[in-house]
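Structure file run11.cif with mmCIF, C-alpha atoms:
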data_upload
#
loop_
_atom_site.group_PDB
_atom_site.id
_atom_site.type_symbol
_atom_site.label_atom_id
_atom_site.label_comp_id
_atom_site.auth_asym_id
_atom_site.auth_seq_id
_atom_site.Cartn_x
_atom_site.Cartn_y
_atom_site.Cartn_z
ATOM 1 C CA MET G 25 -42.927 -11.802 15.612
ATOM 2 C CA LYS G 26 -43.516 -12.089 11.906
ATOM 3 C CA ALA G 27 -47.204 -12.134 11.046
ATOM 4 C CA GLY G 28 -48.507 -14.787 8.753
ATOM 5 C CA ILE G 29 -46.069 -17.627 9.425
ATOM 6 C CA PRO G 30 -48.293 -20.695 8.824
ATOM 7 C CA LEU G 31 -46.660 -22.962 11.387
ATOM 8 C CA LEU G 32 -49.938 -24.430 12.600
ATOM 9 C CA ASN G 33 -50.868 -25.368 9.051
ATOM 10 C CA GLU G 34 -47.418 -26.901 8.615
ATOM 11 C CA VAL G 35 -47.916 -29.063 11.724
ATOM 12 C CA ARG G 36 -51.219 -30.332 10.380
ATOM 13 C CA LYS G 37 -49.824 -30.898 6.899
ATOM 14 C CA THR G 38 -46.791 -32.904 8.013
ATOM 15 C CA SER G 39 -48.172 -34.457 11.248
ATOM 16 C CA PRO G 40 -44.755 -34.671 12.942
ATOM 17 C CA ILE G 41 -44.160 -37.612 15.251
ATOM 18 C CA VAL G 42 -43.463 -36.386 18.779
ATOM 19 C CA HIS G 43 -41.785 -38.927 21.050
ATOM 20 C CA CYS G 44 -42.869 -38.322 24.645
ATOM 21 C CA ILE G 45 -41.130 -39.863 27.625
ATOM 22 C CA THR G 46 -43.549 -38.372 30.046
ATOM 23 C CA ASN G 47 -45.343 -38.787 33.345
ATOM 24 C CA ILE G 48 -48.221 -41.126 34.077
ATOM 25 C CA VAL G 49 -50.539 -38.332 35.211
ATOM 26 C CA VAL G 50 -50.620 -36.581 31.843
ATOM 27 C CA ALA G 51 -49.807 -39.198 29.199
ATOM 28 C CA ASN G 52 -53.371 -39.603 27.916
ATOM 29 C CA PHE G 53 -54.107 -35.861 27.870
ATOM 30 C CA GLN G 54 -50.782 -35.200 26.167
ATOM 31 C CA ALA G 55 -51.435 -37.792 23.467
ATOM 32 C CA ASN G 56 -54.976 -36.554 22.837
ATOM 33 C CA GLY G 57 -53.765 -32.962 22.723
ATOM 34 C CA LEU G 58 -51.126 -33.751 20.104
ATOM 35 C CA LEU G 59 -53.674 -35.673 18.049
ATOM 36 C CA SER G 60 -56.136 -32.783 18.290
ATOM 37 C CA LEU G 61 -53.415 -30.411 17.143
ATOM 38 C CA GLY G 62 -52.623 -32.589 14.145
ATOM 39 C CA ALA G 63 -49.342 -34.086 15.333
ATOM 40 C CA SER G 64 -48.631 -37.769 15.918
ATOM 41 C CA PRO G 65 -47.726 -38.804 19.492
ATOM 42 C CA ILE G 66 -45.757 -41.853 20.509
ATOM 43 C CA MET G 67 -45.014 -42.773 24.127
ATOM 44 C CA ALA G 68 -41.985 -45.040 24.467
ATOM 45 C CA ALA G 69 -40.088 -45.092 27.763
ATOM 46 C CA SER G 70 -38.351 -48.468 27.597
ATOM 47 C CA ILE G 71 -34.554 -48.374 27.323
ATOM 48 C CA GLU G 72 -34.777 -51.124 24.699
ATOM 49 C CA GLU G 73 -36.466 -48.811 22.178
ATOM 50 C CA ALA G 74 -36.172 -45.204 23.360
ATOM 51 C CA ALA G 75 -33.241 -44.357 21.082
ATOM 52 C CA ASP G 76 -34.812 -46.053 18.054
ATOM 53 C CA VAL G 77 -38.083 -44.188 18.519
ATOM 54 C CA SER G 78 -36.367 -40.818 18.837
ATOM 55 C CA ALA G 79 -34.359 -41.572 15.699
ATOM 56 C CA PHE G 80 -37.494 -41.655 13.532
ATOM 57 C CA SER G 81 -39.465 -39.043 15.465
ATOM 58 C CA ALA G 82 -39.501 -35.400 14.393
ATOM 59 C CA ALA G 83 -39.075 -34.188 17.986
ATOM 60 C CA THR G 84 -38.549 -35.651 21.453
ATOM 61 C CA LEU G 85 -39.962 -34.502 24.787
ATOM 62 C CA LEU G 86 -38.513 -35.476 28.179
ATOM 63 C CA ASN G 87 -40.879 -34.840 31.107
ATOM 64 C CA ILE G 88 -39.829 -35.671 34.698
ATOM 65 C CA GLY G 89 -43.257 -35.273 36.313
ATOM 66 C CA THR G 90 -43.430 -38.747 37.856
ATOM 67 C CA LEU G 91 -39.717 -39.402 37.916
ATOM 68 C CA ASP G 92 -38.437 -42.969 38.175
ATOM 69 C CA SER G 93 -34.733 -43.820 38.341
ATOM 70 C CA LYS G 94 -35.232 -46.563 35.757
ATOM 71 C CA VAL G 95 -36.369 -44.080 33.100
ATOM 72 C CA ILE G 96 -33.407 -41.707 33.352
ATOM 73 C CA GLY G 97 -31.298 -43.963 31.134
ATOM 74 C CA SER G 98 -34.108 -44.041 28.593
ATOM 75 C CA MET G 99 -34.281 -40.244 28.605
ATOM 76 C CA ILE G 100 -30.551 -39.966 28.002
ATOM 77 C CA ALA G 101 -30.670 -42.559 25.213
ATOM 78 C CA ALA G 102 -33.631 -40.852 23.557
ATOM 79 C CA GLY G 103 -32.060 -37.432 23.896
ATOM 80 C CA GLN G 104 -28.735 -38.547 22.445
ATOM 81 C CA SER G 105 -30.570 -40.120 19.520
ATOM 82 C CA ALA G 106 -32.526 -36.908 18.908
ATOM 83 C CA ASN G 107 -29.266 -34.949 19.006
ATOM 84 C CA ALA G 108 -27.519 -37.349 16.613
ATOM 85 C CA ASN G 109 -30.369 -37.100 14.117
ATOM 86 C CA GLY G 110 -30.757 -33.349 14.326
ATOM 87 C CA HIS G 111 -34.236 -33.416 15.887
ATOM 88 C CA PRO G 112 -35.489 -30.879 18.452
ATOM 89 C CA LEU G 113 -35.264 -31.983 22.081
ATOM 90 C CA VAL G 114 -37.529 -30.431 24.714
ATOM 91 C CA LEU G 115 -37.065 -30.786 28.471
ATOM 92 C CA ASP G 116 -39.961 -30.222 30.864
ATOM 93 C CA PRO G 117 -38.291 -30.085 34.328
ATOM 94 C CA VAL G 118 -41.465 -30.630 36.369
ATOM 95 C CA GLY G 119 -40.842 -29.704 40.004
ATOM 96 C CA ALA G 120 -37.126 -29.244 39.318
ATOM 97 C CA GLY G 121 -36.449 -27.798 42.754
ATOM 98 C CA ALA G 122 -38.938 -29.853 44.743
ATOM 99 C CA THR G 123 -36.497 -32.654 45.664
ATOM 100 C CA THR G 124 -32.792 -33.352 45.427
ATOM 101 C CA PHE G 125 -33.519 -36.274 43.079
ATOM 102 C CA ARG G 126 -35.328 -34.057 40.594
ATOM 103 C CA LYS G 127 -32.690 -31.342 40.734
ATOM 104 C CA GLN G 128 -29.883 -33.857 40.188
ATOM 105 C CA THR G 129 -31.766 -35.496 37.307
ATOM 106 C CA VAL G 130 -32.294 -32.178 35.536
ATOM 107 C CA SER G 131 -28.604 -31.385 35.983
ATOM 108 C CA THR G 132 -27.650 -34.779 34.541
ATOM 109 C CA LEU G 133 -29.918 -34.374 31.521
ATOM 110 C CA LEU G 134 -28.617 -30.879 30.791
ATOM 111 C CA ASN G 135 -25.006 -32.039 31.102
ATOM 112 C CA GLU G 136 -25.471 -35.123 28.919
ATOM 113 C CA LEU G 137 -27.740 -33.673 26.224
ATOM 114 C CA ASP G 138 -28.005 -30.718 23.868
ATOM 115 C CA VAL G 139 -31.492 -29.526 24.740
ATOM 116 C CA THR G 140 -33.298 -27.316 22.251
ATOM 117 C CA LEU G 141 -35.868 -25.929 24.689
ATOM 118 C CA ILE G 142 -36.424 -25.963 28.440
ATOM 119 C CA ARG G 143 -40.105 -25.225 29.123
ATOM 120 C CA GLY G 144 -41.104 -24.687 32.734
ATOM 121 C CA ASN G 145 -42.863 -22.460 35.211
ATOM 122 C CA ALA G 146 -41.122 -19.722 37.185
ATOM 123 C CA GLY G 147 -40.252 -21.988 40.111
ATOM 124 C CA GLU G 148 -38.678 -24.624 37.876
ATOM 125 C CA ILE G 149 -36.563 -22.146 35.909
ATOM 126 C CA ALA G 150 -35.499 -20.429 39.127
ATOM 127 C CA ALA G 151 -34.361 -23.803 40.506
ATOM 128 C CA ILE G 152 -32.241 -24.485 37.414
ATOM 129 C CA ALA G 153 -30.790 -20.980 37.568
ATOM 130 C CA GLY G 154 -30.002 -21.406 41.258
ATOM 131 C CA VAL G 155 -31.892 -18.304 42.388
ATOM 132 C CA ALA G 156 -34.097 -18.023 45.468
ATOM 133 C CA TRP G 157 -37.761 -18.873 44.882
ATOM 134 C CA ASN G 158 -40.549 -20.321 47.007
ATOM 135 C CA ALA G 159 -41.787 -23.049 44.678
ATOM 136 C CA LYS G 160 -44.900 -24.952 45.749
ATOM 137 C CA GLY G 161 -44.116 -28.580 44.932
ATOM 138 C CA VAL G 162 -44.524 -28.868 41.162
ATOM 139 C CA ASP G 163 -46.385 -25.539 40.995
ATOM 140 C CA ALA G 164 -44.742 -22.196 40.270
ATOM 141 C CA GLY G 165 -45.076 -20.754 43.775
ATOM 142 C CA GLU G 166 -43.947 -17.200 44.441
ATOM 143 C CA GLY G 167 -40.752 -15.210 44.635
ATOM 144 C CA THR G 168 -39.081 -11.870 44.057
ATOM 145 C CA ALA G 169 -36.208 -12.980 41.813
ATOM 146 C CA ASN G 170 -35.945 -11.556 38.310
ATOM 147 C CA ILE G 171 -37.238 -14.525 36.314
ATOM 148 C CA GLN G 172 -36.428 -12.896 32.991
ATOM 149 C CA TRP G 173 -32.795 -12.608 34.072
ATOM 150 C CA ALA G 174 -32.855 -16.202 35.349
ATOM 151 C CA ALA G 175 -34.263 -17.472 32.051
ATOM 152 C CA LYS G 176 -31.612 -15.627 30.039
ATOM 153 C CA ASP G 177 -28.882 -16.986 32.308
ATOM 154 C CA VAL G 178 -30.102 -20.579 31.878
ATOM 155 C CA ALA G 179 -30.380 -20.096 28.106
ATOM 156 C CA VAL G 180 -26.787 -18.854 27.872
ATOM 157 C CA ARG G 181 -25.329 -21.500 30.191
ATOM 158 C CA HIS G 182 -27.037 -24.396 28.438
ATOM 159 C CA ARG G 183 -27.031 -22.952 24.898
ATOM 160 C CA CYS G 184 -30.745 -23.454 24.427
ATOM 161 C CA LEU G 185 -34.094 -21.711 24.381
ATOM 162 C CA VAL G 186 -35.892 -21.216 27.693
ATOM 163 C CA ALA G 187 -39.633 -20.658 27.978
ATOM 164 C CA VAL G 188 -41.198 -19.572 31.258
ATOM 165 C CA THR G 189 -44.957 -19.948 31.234
ATOM 166 C CA GLY G 190 -47.558 -18.383 33.488
ATOM 167 C CA GLU G 191 -49.935 -15.436 33.344
ATOM 168 C CA THR G 192 -47.517 -13.885 30.839
ATOM 169 C CA ASP G 193 -45.174 -16.238 29.005
ATOM 170 C CA LEU G 194 -41.666 -15.445 27.896
ATOM 171 C CA VAL G 195 -39.181 -17.256 25.709
ATOM 172 C CA THR G 196 -35.530 -16.315 25.299
ATOM 173 C CA ASP G 197 -32.404 -17.461 23.527
ATOM 174 C CA GLY G 198 -30.273 -15.446 25.932
ATOM 175 C CA GLU G 199 -30.106 -12.464 23.588
ATOM 176 C CA LYS G 200 -33.751 -11.747 22.827
ATOM 177 C CA VAL G 201 -36.888 -12.068 24.893
ATOM 178 C CA LEU G 202 -40.358 -12.545 23.460
ATOM 179 C CA GLN G 203 -43.300 -12.056 25.807
ATOM 180 C CA ILE G 204 -46.705 -13.592 25.099
ATOM 181 C CA THR G 205 -49.902 -12.398 26.728
ATOM 182 C CA GLY G 206 -53.385 -13.886 26.817
ATOM 183 C CA GLY G 207 -54.774 -17.177 28.057
ATOM 184 C CA HIS G 208 -57.335 -17.743 30.815
ATOM 185 C CA PRO G 209 -57.220 -18.608 34.560
ATOM 186 C CA LEU G 210 -59.065 -21.901 33.916
ATOM 187 C CA MET G 211 -55.910 -23.176 32.248
ATOM 188 C CA SER G 212 -54.360 -23.512 35.707
ATOM 189 C CA LYS G 213 -57.231 -25.708 36.917
ATOM 190 C CA ILE G 214 -56.483 -28.657 34.608
ATOM 191 C CA THR G 215 -53.733 -31.140 35.427
ATOM 192 C CA GLY G 216 -51.192 -31.437 32.642
ATOM 193 C CA MET G 217 -51.773 -28.159 30.819
ATOM 194 C CA GLY G 218 -48.117 -27.226 31.093
ATOM 195 C CA CYS G 219 -46.984 -30.728 30.189
ATOM 196 C CA LEU G 220 -49.139 -30.712 27.062
ATOM 197 C CA LEU G 221 -47.776 -27.278 26.173
ATOM 198 C CA SER G 222 -44.251 -28.693 26.172
ATOM 199 C CA ALA G 223 -45.367 -31.365 23.702
ATOM 200 C CA VAL G 224 -47.106 -28.762 21.530
ATOM 201 C CA ALA G 225 -43.933 -26.664 21.540
ATOM 202 C CA ALA G 226 -41.994 -29.747 20.414
ATOM 203 C CA ALA G 227 -44.388 -30.195 17.487
ATOM 204 C CA PHE G 228 -43.961 -26.552 16.448
ATOM 205 C CA LEU G 229 -40.176 -26.851 16.735
ATOM 206 C CA ALA G 230 -40.311 -29.860 14.418
ATOM 207 C CA VAL G 231 -41.682 -27.658 11.624
ATOM 208 C CA GLY G 232 -40.034 -24.371 12.631
ATOM 209 C CA LYS G 233 -36.343 -25.242 12.654
ATOM 210 C CA ASN G 234 -35.393 -22.157 10.610
ATOM 211 C CA ASP G 235 -36.341 -19.823 13.471
ATOM 212 C CA LYS G 236 -36.666 -21.800 16.670
ATOM 213 C CA LEU G 237 -37.244 -18.795 18.926
ATOM 214 C CA GLU G 238 -40.234 -17.652 16.906
ATOM 215 C CA ALA G 239 -41.527 -21.214 16.544
ATOM 216 C CA VAL G 240 -41.684 -21.556 20.325
ATOM 217 C CA ALA G 241 -43.263 -18.128 20.744
ATOM 218 C CA TYR G 242 -45.840 -19.033 18.108
ATOM 219 C CA SER G 243 -46.705 -22.247 19.959
ATOM 220 C CA LEU G 244 -47.142 -20.329 23.225
ATOM 221 C CA ALA G 245 -49.402 -17.774 21.567
ATOM 222 C CA PHE G 246 -51.467 -20.487 19.928
ATOM 223 C CA TYR G 247 -51.845 -22.270 23.255
ATOM 224 C CA LYS G 248 -53.024 -19.132 25.044
ATOM 225 C CA LYS G 249 -55.465 -18.435 22.224
ATOM 226 C CA ALA G 250 -56.824 -21.973 22.581
ATOM 227 C CA GLY G 251 -57.356 -21.340 26.291
ATOM 228 C CA GLU G 252 -59.314 -18.180 25.574
ATOM 229 C CA TRP G 253 -61.424 -19.932 22.936
ATOM 230 C CA ALA G 254 -62.219 -22.821 25.295
ATOM 231 C CA ALA G 255 -63.065 -20.525 28.217
ATOM 232 C CA GLU G 256 -65.693 -18.731 26.125
ATOM 233 C CA ARG G 257 -67.563 -22.020 25.719
ATOM 234 C CA THR G 258 -67.200 -23.604 29.141
ATOM 235 C CA GLU G 259 -68.899 -23.597 32.525
ATOM 236 C CA GLY G 260 -65.894 -24.675 34.561
ATOM 237 C CA PRO G 261 -62.906 -27.021 34.785
ATOM 238 C CA GLY G 262 -65.020 -30.114 34.070
ATOM 239 C CA ASP G 263 -65.812 -29.271 30.468
ATOM 240 C CA PHE G 264 -62.913 -26.876 29.858
ATOM 241 C CA GLU G 265 -60.625 -29.775 28.935
ATOM 242 C CA VAL G 266 -63.051 -30.950 26.232
ATOM 243 C CA HIS G 267 -63.366 -27.475 24.751
ATOM 244 C CA PHE G 268 -59.608 -26.998 24.924
ATOM 245 C CA LEU G 269 -58.975 -30.123 22.861
ATOM 246 C CA ASN G 270 -61.555 -28.821 20.379
ATOM 247 C CA ALA G 271 -59.696 -25.510 20.253
ATOM 248 C CA LEU G 272 -56.422 -27.259 19.425
ATOM 249 C CA HIS G 273 -58.245 -28.919 16.542
ATOM 250 C CA LEU G 274 -60.249 -25.960 15.236
ATOM 251 C CA LEU G 275 -58.073 -22.860 15.533
ATOM 252 C CA THR G 276 -56.102 -21.761 12.478
ATOM 253 C CA ASP G 277 -53.096 -19.568 11.750
ATOM 254 C CA LYS G 278 -55.504 -16.763 10.832
ATOM 255 C CA ASP G 279 -56.775 -16.724 14.419
ATOM 256 C CA LEU G 280 -53.270 -15.704 15.484
ATOM 257 C CA ASN G 281 -52.456 -13.324 12.655
ATOM 258 C CA HIS G 282 -54.905 -10.729 13.959
ATOM 259 C CA ALA G 283 -53.695 -10.850 17.558
ATOM 260 C CA SER G 284 -50.942 -8.544 18.838
ATOM 261 C CA LEU G 285 -49.400 -11.021 21.240
ATOM 262 C CA PHE G 286 -45.675 -10.553 20.817
ATOM 263 C CA ILE G 287 -43.376 -7.976 22.419
ATOM 264 C CA GLN G 288 -39.744 -8.301 21.398
ATOM 265 C CA GLU G 289 -36.992 -6.893 23.576
ATOM 266 C CA GLU G 290 -33.331 -6.668 22.626
ATOM 267 C CA VAL G 291 -31.079 -7.589 25.550
ATOM 268 C CA PHE G 292 -27.345 -7.627 26.284
#

Turn this file's structure into structure tokens for me.
Amino acid sequence: MKAGIPLLNEVRKTSPIVHCITNIVVANFQANGLLSLGASPIMAASIEEAADVSAFSAATLLNIGTLDSKVIGSMIAAGQSANANGHPLVLDPVGAGATTFRKQTVSTLLNELDVTLIRGNAGEIAAIAGVAWNAKGVDAGEGTANIQWAAKDVAVRHRCLVAVTGETDLVTDGEKVLQITGGHPLMSKITGMGCLLSAVAAAFLAVGKNDKLEAVAYSLAFYKKAGEWAAERTEGPGDFEVHFLNALHLLTDKDLNHASLFIQEEVF
């Protein structure tokens, strides 16, 4: 990872619009998180305007957390518009293997759209890769499959970046793998932390188009750093969310420049 890339400053300077077709559990937290970061959120799920909104947005996020058959058409329309206008498109396949409906929807979206990034937990990426894994509903669950291999396979098959987040994050383009350490266990106690991360990654992709792999890795490192910063100031899950939003607002690129968070591995 190149030190000193001021992507966070670039997000705050340009305030990219991030179009989120997302789930009802996390919409408010996601919007507040993007605002705290310095980006500009817009939530538009109606088929009548989804394509138009993605056309003027700097990035689009599709999140299937509270999946409704009526919104699938909107996701496809928004994604096609993002593709046509050259904007990054992020897919958050929440609970991809939990039900047949979710698995089929993810397959449809990946077949119909050119996704820039798939951001999920180990269970979700394993489901897309078709490898055995004991996912726990929408949570990562446990398994013995090689998730790094699964992520690379998905990246190659769908010609996109894949980020697997957890205790240690990884992001791959199918040829390289970047691993990101850090964070704090309290991050797993707040609903929507992963969903917000997908939106944050979309914002970083909007300003980091020249090196998308490093832009995603930078967003993951920033997010983990924010979790550490918030945990130092909190008593538990109740006030962690408040401190985390403050961290998104207050941290700078310099806070990342001094951290050795990236391990690059050449593969294939």

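Residue nearest Leu85 of chain G, chosen from G:Ile149, G:Ile45, G:Met217, G:Ala187 and counting only C-alpha atoms: G:Ile45.
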
Contacts of Ile66 of chain G within 9 Å, all atoms listed in the file, excl. fewer than 3 positions in-chain, as an MDAnalysis selection string: chainID G and resid 41:45 55 77 81

d(atom CA of Leu58 of chain G, atom CA of Arg143 of chain G) in Å: 16.6 Å

Residue among G:Ser78, G:Leu134, G:Ile214, G:Leu220 lying closest to Ala179 of chain G, counting all atoms listed in the file: G:Leu134

Per-axis box centre and lengths in Å around segment 195-214 of chain G, 6 Å margin per side, axis-aligned, as JSON:
{"center_x": -44.6, "center_y": -20.2, "center_z": 29.9, "size_x": 41.0, "size_y": 28.9, "size_z": 26.1}

Working from the structure I just supplied, which lacks atoms in segment 36-48 of chain G, can you model N, CA and C atoms there and output them as a compact mmCIF listing (two decimals), keeping the file's coordinate frame?
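result.txt written:
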# COMPACT_ATOMS: atom_id res chain seq x y z
N ARG G 36 -50.12 -29.48 10.83
CA ARG G 36 -51.22 -30.33 10.38
C ARG G 36 -50.92 -31.00 9.04
N LYS G 37 -50.15 -30.33 8.21
CA LYS G 37 -49.82 -30.90 6.90
C LYS G 37 -48.82 -32.04 7.01
N THR G 38 -47.86 -31.90 7.91
CA THR G 38 -46.79 -32.90 8.01
C THR G 38 -47.01 -33.91 9.14
N SER G 39 -47.89 -33.59 10.10
CA SER G 39 -48.17 -34.46 11.25
C SER G 39 -46.90 -35.04 11.86
N PRO G 40 -46.03 -34.18 12.40
CA PRO G 40 -44.76 -34.67 12.94
C PRO G 40 -44.95 -35.63 14.11
N ILE G 41 -44.14 -36.67 14.13
CA ILE G 41 -44.16 -37.61 15.25
C ILE G 41 -43.42 -36.98 16.42
N VAL G 42 -44.08 -36.92 17.57
CA VAL G 42 -43.46 -36.39 18.78
C VAL G 42 -43.32 -37.52 19.78
N HIS G 43 -42.08 -37.87 20.08
CA HIS G 43 -41.78 -38.93 21.05
C HIS G 43 -41.82 -38.34 22.44
N CYS G 44 -42.71 -38.83 23.29
CA CYS G 44 -42.87 -38.32 24.64
C CYS G 44 -42.46 -39.38 25.67
N ILE G 45 -41.40 -39.10 26.41
CA ILE G 45 -41.13 -39.86 27.62
C ILE G 45 -41.66 -38.97 28.74
N THR G 46 -42.79 -39.33 29.25
CA THR G 46 -43.55 -38.37 30.05
C THR G 46 -44.05 -39.00 31.33
N ASN G 47 -44.89 -38.28 32.06
CA ASN G 47 -45.34 -38.79 33.34
C ASN G 47 -46.73 -39.41 33.25
N ILE G 48 -47.01 -40.31 34.17
CA ILE G 48 -48.22 -41.13 34.08
C ILE G 48 -49.48 -40.31 34.30
